[in-house]
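Dropping model.cif in here (mmCIF, C-alpha atoms):
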```cif
data_run
#
loop_
_atom_site.label_atom_id
_atom_site.label_comp_id
_atom_site.auth_asym_id
_atom_site.auth_seq_id
_atom_site.Cartn_x
_atom_site.Cartn_y
_atom_site.Cartn_z
CA MET A 144 -21.15 -19.07 16.89
CA GLY A 145 -23.30 -16.01 16.41
CA ASP A 146 -23.17 -13.48 19.20
CA VAL A 147 -22.44 -15.98 21.97
CA ARG A 148 -20.68 -14.12 24.75
CA LEU A 149 -19.11 -14.96 28.08
CA ARG A 150 -19.27 -12.92 31.23
CA GLY A 151 -16.91 -13.64 34.07
CA GLN A 152 -16.85 -12.52 37.66
CA THR A 153 -15.18 -9.27 36.68
CA GLY A 154 -18.27 -8.09 34.81
CA VAL A 155 -16.22 -7.44 31.67
CA PRO A 156 -18.01 -8.96 28.66
CA ALA A 157 -15.91 -11.43 26.72
CA GLU A 158 -16.77 -12.62 23.24
CA ARG A 159 -16.38 -16.28 22.46
CA ARG A 160 -13.98 -17.27 19.70
CA GLY A 161 -15.45 -17.28 16.22
CA SER A 162 -18.06 -14.77 17.34
CA TYR A 163 -17.43 -12.43 14.45
CA PRO A 164 -20.52 -12.86 12.28
CA PHE A 165 -20.02 -12.77 8.54
CA ILE A 166 -21.54 -9.76 6.82
CA ASP A 167 -25.06 -10.55 5.71
CA PHE A 168 -25.18 -8.75 2.38
CA ARG A 169 -28.93 -9.38 2.04
CA LEU A 170 -29.24 -6.21 4.12
CA LEU A 171 -27.24 -4.33 1.50
CA ASN A 172 -28.66 -5.53 -1.78
CA ASN A 173 -32.15 -6.96 -2.11
CA THR A 174 -31.57 -7.95 -5.75
CA THR A 175 -29.08 -10.68 -4.78
CA HIS A 176 -30.44 -14.19 -5.17
CA SER A 177 -31.47 -15.33 -1.72
CA GLY A 178 -30.65 -18.97 -2.43
CA GLU A 179 -27.04 -18.18 -3.22
CA ILE A 180 -26.70 -16.04 -0.14
CA GLY A 181 -28.23 -18.73 2.04
CA THR A 182 -25.85 -21.37 0.77
CA LYS A 183 -22.81 -19.18 1.31
CA LYS A 184 -23.97 -18.24 4.78
CA LYS A 185 -24.48 -21.89 5.75
CA VAL A 186 -21.00 -22.77 4.53
CA LYS A 187 -19.44 -19.88 6.40
CA ARG A 188 -21.32 -20.73 9.58
CA LEU A 189 -20.14 -24.31 9.25
CA LEU A 190 -16.54 -23.20 8.84
CA SER A 191 -16.81 -20.89 11.84
CA PHE A 192 -18.32 -23.69 13.94
CA GLN A 193 -15.65 -26.13 12.82
CA ARG A 194 -12.95 -23.69 13.87
CA TYR A 195 -14.54 -23.35 17.28
CA PHE A 196 -15.13 -27.08 17.69
CA HIS A 197 -11.54 -27.93 16.76
CA ALA A 198 -10.16 -25.60 19.43
CA SER A 199 -12.68 -26.89 21.96
CA ARG A 200 -11.47 -30.44 21.32
CA LEU A 201 -7.98 -29.26 22.22
CA LEU A 202 -9.28 -27.70 25.42
CA ARG A 203 -10.94 -30.96 26.41
CA GLY A 204 -7.66 -32.75 25.87
CA ILE A 205 -8.83 -34.72 22.84
CA VAL A 206 -5.90 -35.33 20.53
CA PRO A 207 -6.76 -34.37 16.93
CA GLN A 208 -6.02 -36.79 14.11
CA ALA A 209 -3.17 -34.64 12.83
CA PRO A 210 -0.51 -34.38 15.55
CA LEU A 211 0.36 -30.89 16.74
CA HIS A 212 3.91 -30.11 15.66
CA LEU A 213 5.36 -26.74 16.51
CA LEU A 214 8.04 -27.28 13.90
CA ASP A 215 8.34 -29.63 10.95
CA GLU A 216 11.44 -31.78 11.39
CA ASP A 217 12.82 -30.80 7.98
CA TYR A 218 12.95 -27.13 9.01
CA LEU A 219 13.55 -27.51 12.73
CA GLY A 220 17.18 -26.43 12.64
CA GLN A 221 16.53 -23.37 10.47
CA ALA A 222 13.58 -22.22 12.58
CA ARG A 223 15.55 -22.65 15.80
CA TYR A 224 18.39 -20.64 14.32
CA MET A 225 15.95 -17.87 13.42
CA LEU A 226 14.60 -17.87 16.98
CA SER A 227 18.15 -17.30 18.23
CA LYS A 228 18.05 -14.05 16.19
CA VAL A 229 14.50 -13.06 17.15
CA GLY A 230 15.68 -9.79 18.67
CA THR A 231 17.16 -8.48 15.41
CA TRP A 232 15.23 -5.99 13.32
CA ASP A 233 15.78 -7.78 10.00
CA PHE A 234 13.94 -10.87 11.28
CA ASP A 235 12.03 -12.30 8.30
CA ILE A 236 8.60 -13.26 9.61
CA PHE A 237 7.49 -14.57 6.21
CA LEU A 238 10.35 -17.06 6.09
CA PHE A 239 9.76 -17.99 9.73
CA ASP A 240 6.09 -18.66 9.01
CA ARG A 241 7.04 -21.00 6.17
CA LEU A 242 9.61 -22.81 8.32
CA THR A 243 7.01 -23.35 11.05
CA ASN A 244 4.34 -24.58 8.63
CA GLY A 245 2.12 -21.60 9.27
CA ASN A 246 2.54 -21.68 13.05
CA SER A 247 4.70 -18.57 13.39
CA LEU A 248 2.55 -16.95 16.09
CA VAL A 249 2.33 -20.01 18.34
CA THR A 250 6.02 -20.90 17.93
CA LEU A 251 7.20 -17.33 18.47
CA LEU A 252 5.10 -16.77 21.59
CA CYS A 253 6.11 -20.07 23.19
CA HIS A 254 9.75 -19.13 22.66
CA LEU A 255 9.36 -15.57 23.95
CA PHE A 256 7.39 -16.62 27.03
CA ASN A 257 10.16 -19.05 27.83
CA SER A 258 13.09 -16.73 27.06
CA HIS A 259 11.59 -13.91 29.13
CA GLY A 260 11.07 -16.29 32.07
CA LEU A 261 7.31 -15.74 32.07
CA ILE A 262 6.40 -19.43 32.24
CA HIS A 263 8.43 -19.86 35.39
CA HIS A 264 7.49 -16.52 36.96
CA PHE A 265 3.73 -16.93 36.53
CA LYS A 266 3.82 -20.72 36.96
CA LEU A 267 2.10 -21.23 33.61
CA ASP A 268 1.31 -24.71 32.38
CA MET A 269 3.10 -25.14 29.05
CA VAL A 270 0.37 -27.33 27.54
CA THR A 271 -2.32 -24.82 28.51
CA LEU A 272 -0.24 -21.95 27.15
CA HIS A 273 0.18 -23.76 23.85
CA ARG A 274 -3.56 -24.45 23.64
CA PHE A 275 -4.37 -20.81 24.32
CA LEU A 276 -1.95 -19.65 21.64
CA VAL A 277 -3.42 -22.11 19.15
CA MET A 278 -6.84 -20.61 19.89
CA VAL A 279 -5.51 -17.12 19.20
CA GLN A 280 -3.71 -18.13 16.02
CA GLU A 281 -6.74 -20.00 14.65
CA ASP A 282 -9.01 -17.04 15.26
CA TYR A 283 -7.07 -14.92 12.81
CA HIS A 284 -8.55 -15.15 9.32
CA GLY A 285 -6.01 -16.70 6.98
CA HIS A 286 -7.84 -15.37 3.92
CA ASN A 287 -7.10 -11.78 4.97
CA PRO A 288 -4.12 -10.53 2.96
CA TYR A 289 -2.92 -8.35 5.85
CA HIS A 290 -4.80 -8.78 9.11
CA ASN A 291 -3.85 -12.39 9.71
CA ALA A 292 -1.74 -14.43 12.15
CA VAL A 293 1.50 -13.56 10.33
CA HIS A 294 0.80 -9.86 10.96
CA ALA A 295 0.20 -10.68 14.63
CA ALA A 296 3.52 -12.56 14.77
CA ASP A 297 5.29 -9.66 13.06
CA VAL A 298 3.87 -7.15 15.56
CA THR A 299 4.84 -9.47 18.43
CA GLN A 300 8.42 -9.73 17.18
CA ALA A 301 8.60 -5.94 16.89
CA MET A 302 7.18 -5.57 20.39
CA HIS A 303 9.89 -7.92 21.67
CA CYS A 304 12.52 -5.64 20.11
CA TYR A 305 10.96 -2.55 21.69
CA LEU A 306 10.76 -4.19 25.12
CA LYS A 307 14.53 -4.62 24.90
CA GLU A 308 15.21 -0.91 24.37
CA PRO A 309 17.58 0.18 27.20
CA LYS A 310 15.47 3.23 28.14
CA LEU A 311 12.51 0.93 28.78
CA ALA A 312 13.84 -2.54 29.56
CA SER A 313 15.37 -1.77 32.96
CA PHE A 314 12.00 -0.65 34.33
CA LEU A 315 9.79 -3.44 33.01
CA THR A 316 8.30 -6.04 35.33
CA PRO A 317 7.42 -9.59 34.24
CA LEU A 318 3.77 -8.47 34.19
CA ASP A 319 4.60 -5.60 31.83
CA ILE A 320 6.41 -7.96 29.47
CA MET A 321 3.60 -10.54 29.49
CA LEU A 322 0.99 -7.84 28.86
CA GLY A 323 3.01 -6.39 26.00
CA LEU A 324 3.48 -9.74 24.28
CA LEU A 325 -0.11 -10.90 24.81
CA ALA A 326 -1.54 -7.61 23.54
CA ALA A 327 0.70 -7.72 20.47
CA ALA A 328 -0.28 -11.31 19.70
CA ALA A 329 -4.05 -10.75 20.07
CA HIS A 330 -4.43 -7.10 19.05
CA ASP A 331 -6.21 -7.93 15.75
CA VAL A 332 -7.71 -11.33 16.57
CA ASP A 333 -10.81 -12.25 14.51
CA HIS A 334 -10.31 -9.21 12.24
CA PRO A 335 -12.86 -9.37 9.38
CA GLY A 336 -10.67 -7.68 6.77
CA VAL A 337 -12.81 -4.53 6.60
CA ASN A 338 -12.52 -1.33 8.61
CA GLN A 339 -14.73 0.40 11.15
CA PRO A 340 -16.48 2.77 8.70
CA PHE A 341 -17.55 -0.27 6.68
CA LEU A 342 -19.10 -1.88 9.77
CA ILE A 343 -20.87 1.35 10.65
CA LYS A 344 -22.36 2.01 7.22
CA THR A 345 -23.53 -1.61 6.90
CA ASN A 346 -25.19 -1.34 10.33
CA HIS A 347 -23.19 -4.27 11.65
CA HIS A 348 -24.25 -5.46 15.10
CA LEU A 349 -20.76 -4.89 16.55
CA ALA A 350 -20.91 -1.24 15.48
CA ASN A 351 -24.18 -0.94 17.37
CA LEU A 352 -22.85 -2.90 20.34
CA TYR A 353 -19.84 -0.61 20.77
CA GLN A 354 -21.70 2.55 19.72
CA ASN A 355 -19.39 3.14 16.74
CA MET A 356 -16.40 3.67 19.04
CA SER A 357 -13.23 1.56 18.54
CA VAL A 358 -15.49 -1.19 17.24
CA LEU A 359 -12.81 -3.59 16.03
CA GLU A 360 -10.44 -2.94 18.93
CA ASN A 361 -13.20 -3.61 21.46
CA HIS A 362 -14.00 -6.84 19.66
CA HIS A 363 -10.34 -7.91 19.63
CA TRP A 364 -10.07 -7.23 23.35
CA ARG A 365 -13.29 -8.99 24.36
CA SER A 366 -12.41 -11.97 22.17
CA THR A 367 -9.03 -12.19 23.88
CA ILE A 368 -10.65 -12.19 27.30
CA GLY A 369 -12.97 -14.98 26.17
CA MET A 370 -10.02 -17.11 25.08
CA LEU A 371 -8.10 -16.45 28.29
CA ARG A 372 -11.07 -17.54 30.40
CA GLU A 373 -11.95 -20.51 28.24
CA SER A 374 -8.37 -21.80 28.21
CA ARG A 375 -7.98 -21.12 31.96
CA LEU A 376 -4.41 -20.05 31.30
CA LEU A 377 -4.47 -17.63 34.24
CA ALA A 378 -7.04 -19.43 36.39
CA HIS A 379 -4.45 -20.22 39.07
CA LEU A 380 -3.62 -16.54 39.63
CA PRO A 381 -5.41 -14.38 42.21
CA LYS A 382 -8.74 -12.97 41.07
CA GLU A 383 -7.57 -9.38 41.52
CA MET A 384 -4.55 -10.03 39.34
CA THR A 385 -6.55 -11.58 36.49
CA GLN A 386 -8.97 -8.64 36.64
CA ASP A 387 -6.05 -6.24 36.34
CA ILE A 388 -4.55 -8.21 33.44
CA GLU A 389 -7.84 -8.16 31.54
CA GLN A 390 -8.26 -4.41 32.02
CA GLN A 391 -4.68 -3.61 31.05
CA LEU A 392 -4.94 -5.80 27.96
CA GLY A 393 -8.00 -3.80 27.00
CA SER A 394 -6.20 -0.50 27.48
CA LEU A 395 -3.30 -1.68 25.31
CA ILE A 396 -5.41 -3.12 22.49
CA LEU A 397 -7.76 -0.11 22.42
CA ALA A 398 -4.71 2.13 22.00
CA THR A 399 -4.13 0.64 18.54
CA ASP A 400 -7.22 2.41 17.19
CA ILE A 401 -5.73 4.59 14.45
CA ASN A 402 -8.40 7.21 15.13
CA ARG A 403 -6.70 7.86 18.49
CA GLN A 404 -3.32 8.52 16.87
CA ASN A 405 -3.26 12.26 17.55
CA GLU A 406 -4.40 11.73 21.14
CA PHE A 407 -1.43 9.50 21.96
CA LEU A 408 1.05 11.45 19.87
CA THR A 409 0.12 14.72 21.62
CA ARG A 410 0.52 13.09 25.05
CA LEU A 411 3.89 11.61 24.11
CA LYS A 412 5.18 14.93 22.78
CA ALA A 413 4.07 16.68 25.97
CA HIS A 414 5.80 14.11 28.20
CA LEU A 415 9.03 14.36 26.22
CA HIS A 416 8.91 18.16 26.16
CA ASN A 417 8.27 18.36 29.91
CA LYS A 418 10.70 15.51 30.67
CA ASP A 419 8.19 14.19 33.20
CA LEU A 420 8.05 10.50 32.28
CA ARG A 421 8.75 8.46 35.39
CA LEU A 422 8.97 4.84 34.36
CA GLU A 423 9.12 3.76 38.00
CA ASN A 424 5.47 4.79 37.95
CA VAL A 425 3.12 2.06 36.72
CA GLN A 426 0.90 4.54 34.85
CA ASP A 427 3.80 6.04 32.89
CA ARG A 428 5.16 2.59 32.17
CA HIS A 429 1.77 1.46 30.87
CA PHE A 430 1.55 4.54 28.65
CA MET A 431 4.90 3.68 27.07
CA LEU A 432 3.71 0.11 26.53
CA GLN A 433 0.74 1.60 24.65
CA ILE A 434 3.11 3.67 22.53
CA ALA A 435 5.35 0.65 21.93
CA LEU A 436 2.37 -1.42 20.74
CA LYS A 437 1.21 1.40 18.47
CA CYS A 438 4.70 1.54 16.95
CA ALA A 439 4.83 -2.24 16.54
CA ASP A 440 1.41 -2.25 14.85
CA ILE A 441 2.48 0.20 12.12
CA CYS A 442 6.20 -0.59 11.89
CA ASN A 443 6.07 -2.17 8.42
CA PRO A 444 7.39 0.97 6.67
CA CYS A 445 10.40 0.81 9.02
CA ARG A 446 11.39 -2.71 7.96
CA ILE A 447 13.87 -3.49 5.20
CA TRP A 448 12.46 -2.74 1.74
CA GLU A 449 11.85 -6.35 0.71
CA MET A 450 9.61 -7.04 3.72
CA SER A 451 8.08 -3.58 3.87
CA LYS A 452 7.00 -3.79 0.24
CA GLN A 453 5.29 -7.14 0.85
CA TRP A 454 3.32 -5.74 3.77
CA SER A 455 2.38 -2.63 1.79
CA GLU A 456 1.02 -4.68 -1.08
CA ARG A 457 -0.89 -6.92 1.34
CA VAL A 458 -2.61 -4.08 3.18
CA CYS A 459 -3.54 -2.36 -0.07
CA GLU A 460 -4.96 -5.61 -1.43
CA GLU A 461 -7.16 -5.73 1.68
CA PHE A 462 -8.23 -2.14 1.04
CA TYR A 463 -9.07 -2.95 -2.56
CA ARG A 464 -11.11 -6.00 -1.60
CA GLN A 465 -13.21 -3.81 0.69
CA GLY A 466 -13.62 -1.31 -2.15
CA ASP A 467 -14.79 -4.10 -4.47
CA LEU A 468 -17.37 -5.17 -1.88
CA GLU A 469 -18.59 -1.61 -1.48
CA GLN A 470 -18.89 -1.19 -5.24
CA LYS A 471 -20.68 -4.52 -5.62
CA PHE A 472 -23.32 -3.55 -3.09
CA GLU A 473 -23.62 0.04 -4.30
CA LEU A 474 -22.02 1.63 -1.26
CA GLU A 475 -19.74 4.63 -1.36
CA ILE A 476 -16.18 3.38 -1.80
CA SER A 477 -14.09 4.22 1.27
CA PRO A 478 -10.94 6.35 1.00
CA LEU A 479 -7.91 4.36 -0.22
CA CYS A 480 -10.08 1.43 -1.27
CA ASN A 481 -10.55 2.30 -4.94
CA GLN A 482 -7.98 0.37 -6.94
CA GLN A 483 -8.66 2.50 -10.01
CA LYS A 484 -7.77 5.72 -8.21
CA ASP A 485 -5.62 4.83 -5.18
CA SER A 486 -2.25 3.32 -6.08
CA VAL A 487 -0.05 1.44 -3.64
CA PRO A 488 2.77 4.03 -3.81
CA SER A 489 0.45 6.98 -3.15
CA ILE A 490 -1.24 5.20 -0.23
CA GLN A 491 2.10 4.29 1.33
CA ILE A 492 3.63 7.74 0.92
CA GLY A 493 0.63 9.28 2.65
CA PHE A 494 0.66 6.68 5.43
CA MET A 495 4.35 7.26 6.07
CA THR A 496 4.03 11.03 5.99
CA TYR A 497 1.00 11.52 8.20
CA ILE A 498 1.02 8.48 10.49
CA VAL A 499 4.34 6.67 10.70
CA GLU A 500 6.97 9.41 10.61
CA PRO A 501 5.46 11.61 13.37
CA LEU A 502 5.14 8.65 15.77
CA PHE A 503 8.55 7.13 15.13
CA ARG A 504 10.32 10.48 15.43
CA GLU A 505 8.91 10.81 18.95
CA TRP A 506 9.74 7.17 19.74
CA ALA A 507 13.33 7.90 18.71
CA ARG A 508 13.36 10.89 21.07
CA PHE A 509 12.16 8.65 23.89
CA THR A 510 14.83 6.02 23.23
CA GLY A 511 17.57 8.65 23.01
CA ASN A 512 18.05 7.85 19.32
CA SER A 513 18.96 4.26 20.04
CA THR A 514 20.61 2.10 17.40
CA LEU A 515 17.28 0.44 16.64
CA SER A 516 15.46 3.76 16.33
CA GLU A 517 18.06 5.16 13.96
CA ASN A 518 17.89 1.94 11.94
CA MET A 519 14.10 2.15 11.67
CA LEU A 520 14.14 5.81 10.63
CA SER A 521 16.80 5.02 8.03
CA HIS A 522 14.65 2.24 6.54
CA LEU A 523 11.62 4.55 6.66
CA ALA A 524 13.40 7.26 4.67
CA HIS A 525 14.72 4.74 2.14
CA ASN A 526 11.32 3.08 1.68
CA LYS A 527 9.56 6.40 1.25
CA ALA A 528 12.08 7.33 -1.46
CA GLN A 529 11.42 4.00 -3.16
CA TRP A 530 7.67 4.59 -3.22
CA LYS A 531 8.16 8.14 -4.50
CA SER A 532 10.28 6.78 -7.32
CA LEU A 533 7.62 4.20 -8.19
CA LEU A 534 4.91 6.88 -8.06
CA SER A 535 6.95 9.11 -10.36
CA ASN A 536 7.28 6.23 -12.80
CA GLN A 537 3.52 5.71 -12.68
CA HIS A 538 2.93 9.38 -13.48
CA ARG A 539 5.31 9.20 -16.43
CA ARG A 540 3.59 6.10 -17.79
CA ARG A 541 0.18 7.71 -17.35
CA SER A 542 1.22 10.91 -19.10
CA SER A 543 2.49 8.84 -22.00
CA GLY A 544 -0.78 6.91 -22.14
CA GLN A 545 0.70 3.61 -20.95
CA ASP A 546 -1.04 3.62 -17.55
CA PRO A 547 -4.45 5.37 -17.68
CA ALA A 548 -5.35 4.51 -14.08
CA GLY A 549 -3.71 6.43 -11.26
CA PRO A 550 -4.25 7.91 -7.81
CA ALA A 551 -6.52 10.85 -7.27
CA PRO A 552 -4.71 14.07 -6.23
CA GLU A 553 -6.36 14.00 -2.80
CA THR A 554 -5.18 10.48 -1.96
CA LEU A 555 -2.31 11.55 0.30
CA GLU A 556 -4.50 13.82 2.39
CA GLN A 557 -7.07 11.04 2.82
CA THR A 558 -4.59 8.62 4.36
CA GLU A 559 -4.89 9.77 7.96
CA GLY A 560 -7.58 7.84 9.79
CA ALA A 561 -8.44 5.61 6.86
CA THR A 562 -6.50 2.46 7.71
CA PRO A 563 -8.59 -0.59 8.71
#
```
What would you get if you wrote out this structure as structure tokens?
Amino acid sequence: MGDVRLRGQTGVPAERRGSYPFIDFRLLNNTTHSGEIGTKKKVKRLLSFQRYFHASRLLRGIVPQAPLHLLDEDYLGQARYMLSKVGTWDFDIFLFDRLTNGNSLVTLLCHLFNSHGLIHHFKLDMVTLHRFLVMVQEDYHGHNPYHNAVHAADVTQAMHCYLKEPKLASFLTPLDIMLGLLAAAAHDVDHPGVNQPFLIKTNHHLANLYQNMSVLENHHWRSTIGMLRESRLLAHLPKEMTQDIEQQLGSLILATDINRQNEFLTRLKAHLHNKDLRLENVQDRHFMLQIALKCADICNPCRIWEMSKQWSERVCEEFYRQGDLEQKFELEISPLCNQQKDSVPSIQIGFMTYIVEPLFREWARFTGNSTLSENMLSHLAHNKAQWKSLLSNQHRRRSSGQDPAGPAPETLEQTEGATP
């Protein structure tokens, strides 16, 4: 839909769904055949418009030809059983997505909104809620190996687990819980599968719009606002309340910018050192929701090995695809995006060492080393050992001439700040 944008009474710009324009590589490489580019661009525009039109039909109450089933009857029992265990850390989101026919995000959120009493508390219309969640789910790009609706569902399930932590749960209001779940579900909506440096060096209009600051996170937030307003999910609530919800959603989603990792980690360490967190205070509670969302967003290394490994391979595949694009259009290949130099084990070891471990150690301090925190740190240590073993095997194969390609020595140091 191009750069169509909505502006509500709050004055906060909101981007319409499907607003993420596809990269026009004619700006990058003049030798590409213009006819081929034009055809691809027309197809992509058509697909984007179709996605928008389909959701709009739902909003107008027009029943699509294919009936909307949350769960396929053949898997209904299994999916319901999984939902009864949604608060356990070994929840398999990949299996759940298969059981729900690719509707893991919608199904999970409907269940969590109901189980947390949010539908009753905020007097939400269930049909409208479902339509809004379908809009969110459809605006994730299924062709992204990592930043897709399954990742959003995984982060949402993790957020649900964190909201249940005893040190936090007793202080949370229904608004806190709704904000946490909504932010988790929409935190990467309409993600293009490339990172901020790529958008900046290709002079993408969103990079210019947001002045190269938290470009993707701003887009995710504004897109979420657009969907909330278009669906009218919260239209029955007081204007001041909806304004506050929109602003708090923005604060939560913007906190997921990996470039702000040290900022939040330093603040958390200071609070824990000074023992001055007062969760009765709305500001302190909101800060811990930001930390919880940051943990949920990067919790893959803390999952059991089988799931953690899948996520690791998916995110690296997304890195490598960006690197292939950069190479194709004669751009400098971004750190961690060169498949010939940056191996999955080396990328993951660096990510765990510089990003994940420092944050989750402080989260464990906050929770008082809860059972969940100890479980996550145990998985993290085990998974890191697994990747180190795989990296060692790679080095042995390379030294024997069996595997000529391997990670550059500086790969681990490049990890911080390089995730998309």
Check which residues of stretch 420-515 of chain A sit at most 6 Å from stretch 290-310 of chain A using only C-alpha atoms, and return one row each with the closest pair of atoms and their distance in Å to one decimal, ordered by chain and rising number, as a tab-separated table.
```
residue	atom	partner	partner_atom	distance
A:Ala439	CA	A:Val298	CA	5.1
A:Asp440	CA	A:Val298	CA	5.5
A:Thr510	CA	A:Lys310	CA	5.7
```
- Take the PyMOL selection byres ((chain A and resi 252-257) around 10), apply it to the structure above, and return the hits as a count of residues only. 31
- With distances taken over all atoms listed in the file, the candidate from A:Gly230, A:His284, A:Leu415, A:Ala378 nearest A:Gly511 is A:Leu415
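Coordinates place atom CA of A:Met495 at a distance of 25.6 Å from atom CA of A:Ser542.
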- Item | Contacts of A:Leu238 at 10 Å (only C-alpha atoms; same-chain gap of 5+ positions) as a ChimeraX atom specification | /A:221-222,225,243-245,247
Okay, now the selection with C-alpha atoms, as an mmCIF file, in the coordinates of the input?
```
data_model
loop_
_atom_site.group_PDB
_atom_site.id
_atom_site.type_symbol
_atom_site.label_atom_id
_atom_site.label_comp_id
_atom_site.auth_asym_id
_atom_site.auth_seq_id
_atom_site.Cartn_x
_atom_site.Cartn_y
_atom_site.Cartn_z
ATOM 1 C CA GLN A 221 16.530 -23.370 10.470
ATOM 2 C CA ALA A 222 13.580 -22.220 12.580
ATOM 3 C CA MET A 225 15.950 -17.870 13.420
ATOM 4 C CA THR A 243 7.010 -23.350 11.050
ATOM 5 C CA ASN A 244 4.340 -24.580 8.630
ATOM 6 C CA GLY A 245 2.120 -21.600 9.270
ATOM 7 C CA SER A 247 4.700 -18.570 13.390
#
```
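Using the PyMOL selection byres ((chain A and resi 449) around 12) on this structure selects Asp233, Phe234, Asp235, Ile236, Phe237, Asn443, Pro444, Cys445, Arg446, Ile447, Trp448, Met450, Ser451, Lys452, Gln453, Trp454, Ser455, Glu456, His522, His525, Asn526 and Gln529 of chain A.
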- Can you work out the spacing between atom CA of A:Asp331 and atom CA of A:Met278 in Å, to one decimal? 13.4 Å
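Distances from A:Gly220, A:Ile343, A:Lys527, A:Leu322 to A:Val499 were compared using all atoms listed in the file, and the smallest one belongs to A:Lys527.
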- Task: Go through A:Thr316, A:Trp364, A:Ser489, A:Trp232 one by one, measure the shortest atom-to-atom distance of each to A:His538 using all atoms listed in the file, and give the residue with the smallest value.
- Result: A:Ser489
- Which neighbours of A:Glu461 fall inside 7 Å, counting all atoms listed in the file, when residues of the same chain fewer than 2 positions from it are skipped, and could you give them as a ChimeraX atom specification? /A:287-289,336,457-459,463-465
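Candidate residues A:Glu383, A:Glu473, A:Glu505, A:Glu360 were compared for distance to A:Ile396, and the nearest is A:Glu360, using all atoms listed in the file.
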